[in-house]
Amino acid sequence: MPGVARQPFGIPPMDKKNAKIQTARHILKKVLTSILTIYVIITISFLMVHFMPGDVIKHLIGTEDYYFLLENNPEELERVITKYGLNDPLHIQYLKYLKSIATMDFGVSYNNNQPVIYNVLKCCKWTLLISVPTLILGGVFGAVLGIIAGWHPGGKFDMIMTPISLFMNTVPSNCIGILMLVVFSYKLRIFPISGVTSGMLTGAEYVKDLMLHMALPLIIMVMFRTFSDFMTMKSSVSQVRREDYTTTAAAKGLPDRKVLFKHVMRNAMLPYITSMCMQMGGLLSGSMIVETIFGWKGMGQLYYQAVTNRDFPTAQLCFLISAVCVVLATLLSDIVIALIDPRIKEKVNA
Amino acid sequence: MRKKKKKNLPVIVGSVIIGIFIVIAIFCEQLAPYDPAITSINVYQRPDSAHLLGTNDLGQDIFSELIYGTRVSMLIGVFAAVIATLVGTTFALLSAYYGGIVDRLITSLTSLAMAVPGLALTTLLVCYLNPGKLSLIVAISITSWTGTARILRSRLLTLMEEPFIKIEKAIGQKDSVIMFKHLAPNIKDIILSRGAMSVSGAMMTEASLSFLGLGEFGEKSWGSILHYAFFRNGVIRGLYWWYLPPIICTSLAVLGFMLVGYYGQQNK
Amino acid sequence: MLEIKNLSVSFSADSDVLAVQDVTLTLPDKGRIALVGETGSGKSVLLLAVMCLLAKNAVVTGEVLLNGEDILKMNRKQLDKIRGALISYVPQGGGASLNPLMRVGEQVGEPLVEHQGWDKKDSVAKSVEVMKTLNMGNEEELAASYPHTFSGGMRQRAMIAMGIIAGSKILLADEPSKGLDEERVSLVVDSLNRLTEQSLLCVTHDLMFASRISDHICVLYSAAQVEFASTEEILNDPLHPYTRDMVKAIPENGMIVDNVGFAPSHDDFGKGGCRYKHRCKDCTAKCSEMPPLFDVGDRKVRCWLYEDKN
């Protein structure tokens, strides 16, 4: 236990102003770390292209195009190589790369010759449309179920829910996705098979159609999220429940409900909040499989198609955006926890 | 004694599942009725006595494909997990034992690796490297060692405070001896259960990647079978004997490793 | 007044291993009793059983009468009404005994909010007042800070303040001196001795600490009560062989270790006979049978040596 008995008797605990400065310093440190992390990730994504086995140009324009140009149009190939600056020394290439990122110039997609950033932003919208409800619904369901199971570990609810969620966590999402697709779309014909909308619709019709298309992928994602959040919350609550301060709270004469909400929940929420923030990092990148199965035109599918079509500018931008999201989410969780948990600053200084 | 046995039931069930799959993986030549690569004109056959699970779009025997797929899936899953666990354990040992700058370096490396979205990086890597078993293993293990490293490091840090480790240090015992004779045996249970969890994680990732068509295609894994079933209209045409078996096999194997990992840890 | 009658605790219905065996004890108003016993003798379980705070798998038999009402027969609602209001449990002030996310003043004042409907602000002000009566020093700042900044002794005294704040007249304290150095033990003793209105049942492994805070001592050995007498009588004229050995081992008496062997394992509890027979030098054939609690004057001893003085 850091911080316990470290303080000699009689010395007053940290005053409030001091504590605020320490919190600010702690957060600033985390912000700087995040910026550094993003920079490192950008560098890694540059190095990844340049140090992978095989010719860089093959990665950049795709193997087939490379051989096609090599045989039919060597001048064009040379022009492309010059365009990418592949004849420059590595550090010049690196600086150019950094500059292009700083100016938000991510190049043009090989697929539709649109600026990559435009394609990506268009897809972000669709992904957020299912991943934000997933985060919220899954978070709430998982928390409620997890609290019930964790409050009485070994009870009936726990004994039923834990194996189920363990099993659900083991079924790969593509498998469940296909099964649901077969049952609800092909056999029962309740939901459309794939895509975002049927097109040509406006107003209420459009919304209804969109909801129908959304239903299956959303249900699957909420289900997975609920079960994994359930496990997080359950273990958190059952651990806090064994802590001494839970007994202390009950000994004061607090009814179960107050022990749970005032003492157990507050502490159990700490790891849960961290986990929720981390999930926010996956808002854009976490639904690749489900999007692919249901033909949902989001970031995941864009990324998947970019990778299979060797559309590297798009793939790279998707990758960078997802990485930045994760870093920002980590930062968010650090800040939130630092504001809630008074012990954090101590740990940092210890 | 009775109570103890009851507690370990999930672990036993998990071990049995794993055992069966390992046997299948080792003896696939003897078990498979056909060579899964051989194509024939009998395409899209329903299951019958000649072809237990029918045939696919190329007339290949799905049952044999499935049995050979066991070997590929298990191999990739287990190897990726072994690498991830070894890397994670080594980093955790170095980090907890030496502390200071080593610890800070490894901790930042871990949080950096955690900041990279796993499936996205793996996908990108598989795409850059040439598709195949090896690149799958590398790509999966490169993102999956972080969890093991974190958990083991925090466990080791408490262990480092234990008197028996301090005594060893005080009498000037060699670092390697302390690490491998005193520290490592004390966390071997956690390493094993984390290892089992890693296998299930790696198998899930492999299933996803192969399903996306980024896997091993010379020898099909379960995920690749599902890929063909989905993208060559097996699902739309309702050929359940084609898409169901790989789903069941993957889920079962993952469940087996998960049971061993989760409940093995619980008893600690 | 708190009367404990034939209280036994076991942790599974079919097991004959008892964590507490047949303890009978009366805590009068303003009385101060210390329960002394070695680690594992079931002292803490006894306190938790009295408060009905044991986990559900615990089987508690006997009676615990608080002003004539049996606590063990109360439902949760009735229990919530008396816990912290009439009878308080003061947990060991270990690292996790206070909620790390709440300010200490708020936690100390919580019984007032719960039992007397105070609002939070007033309850914090009152907690400062109560901490002042315990002479903690810097009370305002203490109330506004978080538990992790507290030392063990401070936390222990904050727990005492929490126990008395809602006017509870009976305090059950669990090892308040454990893990503290001498100076802080003295501060805890000081705080406890300032409680003139309350009666105290304090569990401890430390005979010296017990002698500083109690007027009567009840000695437990391996889950069973072996001797009950006033503090002076225990220190100057112990009757039970275990008490005698324990008193010999305190510094003033030369720290002589006069018993033999080790305490029996818990599996041995059910096999009958005097629990101390393995280590006792006065052991006779009769000791294979469990002696009843003999009255010697106003003292109680569980040893066959005092059979005829009954």
# chains A, B, ... in the order shown; residues from 1 in each chain; ligands from 1
$ closest_atom_pairs --of "chain B" --to "chain A" --cutoff "6 Å" --atoms "only C-alpha atoms" --output "Markdown table"
| residue | atom | partner | partner_atom | distance |
| --- | --- | --- | --- | --- |
| B:Ala115 | CA | A:Val327 | CA | 5.5 |
| B:Val116 | CA | A:Ala323 | CA | 5.2 |
| B:Pro117 | CA | A:Ala323 | CA | 5.8 |
| B:Met204 | CA | A:Pro172 | CA | 5.7 |
| B:Ile247 | CA | A:Cys175 | CA | 5.5 |
| B:Ser251 | CA | A:Val171 | CA | 4.8 |
| B:Val254 | CA | A:Thr170 | CA | 5.6 |
| B:Leu255 | CA | A:Thr170 | CA | 5.4 |
$ residues_around --residues "region 75-81 of chain C" --least-positions-apart "2" --cutoff "10 Å" --atoms "only C-alpha atoms" --output "JSON list (two decimals) with C-alpha atoms, in the first residue's frame"
[["chain", "number", "residue", "atom", "x", "y", "z"],
["A", 250, "ALA", "CA", -22.68, -2.24, 6.70],
["A", 251, "ALA", "CA", -21.58, -1.90, 10.34],
["A", 252, "LYS", "CA", -22.70, 1.74, 10.32],
["A", 253, "GLY", "CA", -26.23, 0.54, 9.75],
["A", 254, "LEU", "CA", -26.47, 1.39, 6.07],
["A", 255, "PRO", "CA", -29.05, -0.71, 4.26],
["A", 256, "ASP", "CA", -27.78, -2.95, 1.46],
["C", 51, "MET", "CA", -23.04, -7.64, 14.73],
["C", 52, "CYS", "CA", -24.55, -10.21, 12.32],
["C", 53, "LEU", "CA", -21.91, -9.21, 9.77],
["C", 71, "ILE", "CA", -29.86, -9.45, 17.76],
["C", 72, "LEU", "CA", -29.45, -12.80, 16.02],
["C", 73, "LYS", "CA", -33.19, -13.04, 15.45],
["C", 83, "ARG", "CA", -26.02, -0.96, 13.91],
["C", 84, "GLY", "CA", -24.16, 2.29, 14.44],
["C", 85, "ALA", "CA", -26.98, 3.70, 16.55],
["C", 86, "LEU", "CA", -27.10, 1.44, 19.62],
["C", 87, "ILE", "CA", -24.16, -0.85, 19.00],
["C", 114, "GLU", "CA", -28.42, 7.43, 8.26],
["C", 115, "HIS", "CA", -29.87, 7.20, 11.76]]
$ atom_distance --atom1 "CA of Ser228 (chain A)" --atom2 "CA of Leu152 (chain B)"
21.8 Å
$ residues_around --residues "region 196-198 of chain C" --least-positions-apart "3" --cutoff "8 Å" --atoms "only C-alpha atoms" --output "PyMOL selection string"
chain C and resi 29-31+168-171+193
$ write_last_selection --atoms "N, CA and C atoms" --output "PDB file, in the first residue's frame"
ATOM      1  N   ASP C  29     -23.448  -1.776  31.270  1.00  0.00           N
ATOM      2  CA  ASP C  29     -23.310  -0.395  30.814  1.00  0.00           C
ATOM      3  C   ASP C  29     -22.024   0.189  31.361  1.00  0.00           C
ATOM      4  N   LYS C  30     -21.317   0.889  30.530  1.00  0.00           N
ATOM      5  CA  LYS C  30     -20.038   1.511  30.853  1.00  0.00           C
ATOM      6  C   LYS C  30     -18.966   0.498  31.270  1.00  0.00           C
ATOM      7  N   GLY C  31     -19.225  -0.762  31.035  1.00  0.00           N
ATOM      8  CA  GLY C  31     -18.214  -1.770  31.345  1.00  0.00           C
ATOM      9  C   GLY C  31     -17.189  -1.830  30.234  1.00  0.00           C
ATOM     10  N   SER C 168     -24.060   5.812  19.889  1.00  0.00           N
ATOM     11  CA  SER C 168     -24.046   4.410  20.258  1.00  0.00           C
ATOM     12  C   SER C 168     -23.363   4.233  21.609  1.00  0.00           C
ATOM     13  N   LYS C 169     -23.973   3.387  22.475  1.00  0.00           N
ATOM     14  CA  LYS C 169     -23.429   3.227  23.812  1.00  0.00           C
ATOM     15  C   LYS C 169     -22.576   1.966  23.953  1.00  0.00           C
ATOM     16  N   ILE C 170     -22.563   1.148  22.928  1.00  0.00           N
ATOM     17  CA  ILE C 170     -21.754  -0.077  22.992  1.00  0.00           C
ATOM     18  C   ILE C 170     -20.804  -0.095  21.806  1.00  0.00           C
ATOM     19  N   LEU C 171     -19.536  -0.279  22.102  1.00  0.00           N
ATOM     20  CA  LEU C 171     -18.523  -0.287  21.054  1.00  0.00           C
ATOM     21  C   LEU C 171     -17.854  -1.656  21.005  1.00  0.00           C
ATOM     22  N   ASN C 193      -9.872   5.667  26.183  1.00  0.00           N
ATOM     23  CA  ASN C 193     -10.135   5.976  27.581  1.00  0.00           C
ATOM     24  C   ASN C 193     -10.900   7.286  27.758  1.00  0.00           C
TER      25      ASN C 193
END
$ closest_residue --among "B:Tyr263, B:Arg104, B:Leu93, B:Gly213" --to "His182 (chain B)" --atoms "only C-alpha atoms"
B:Leu93
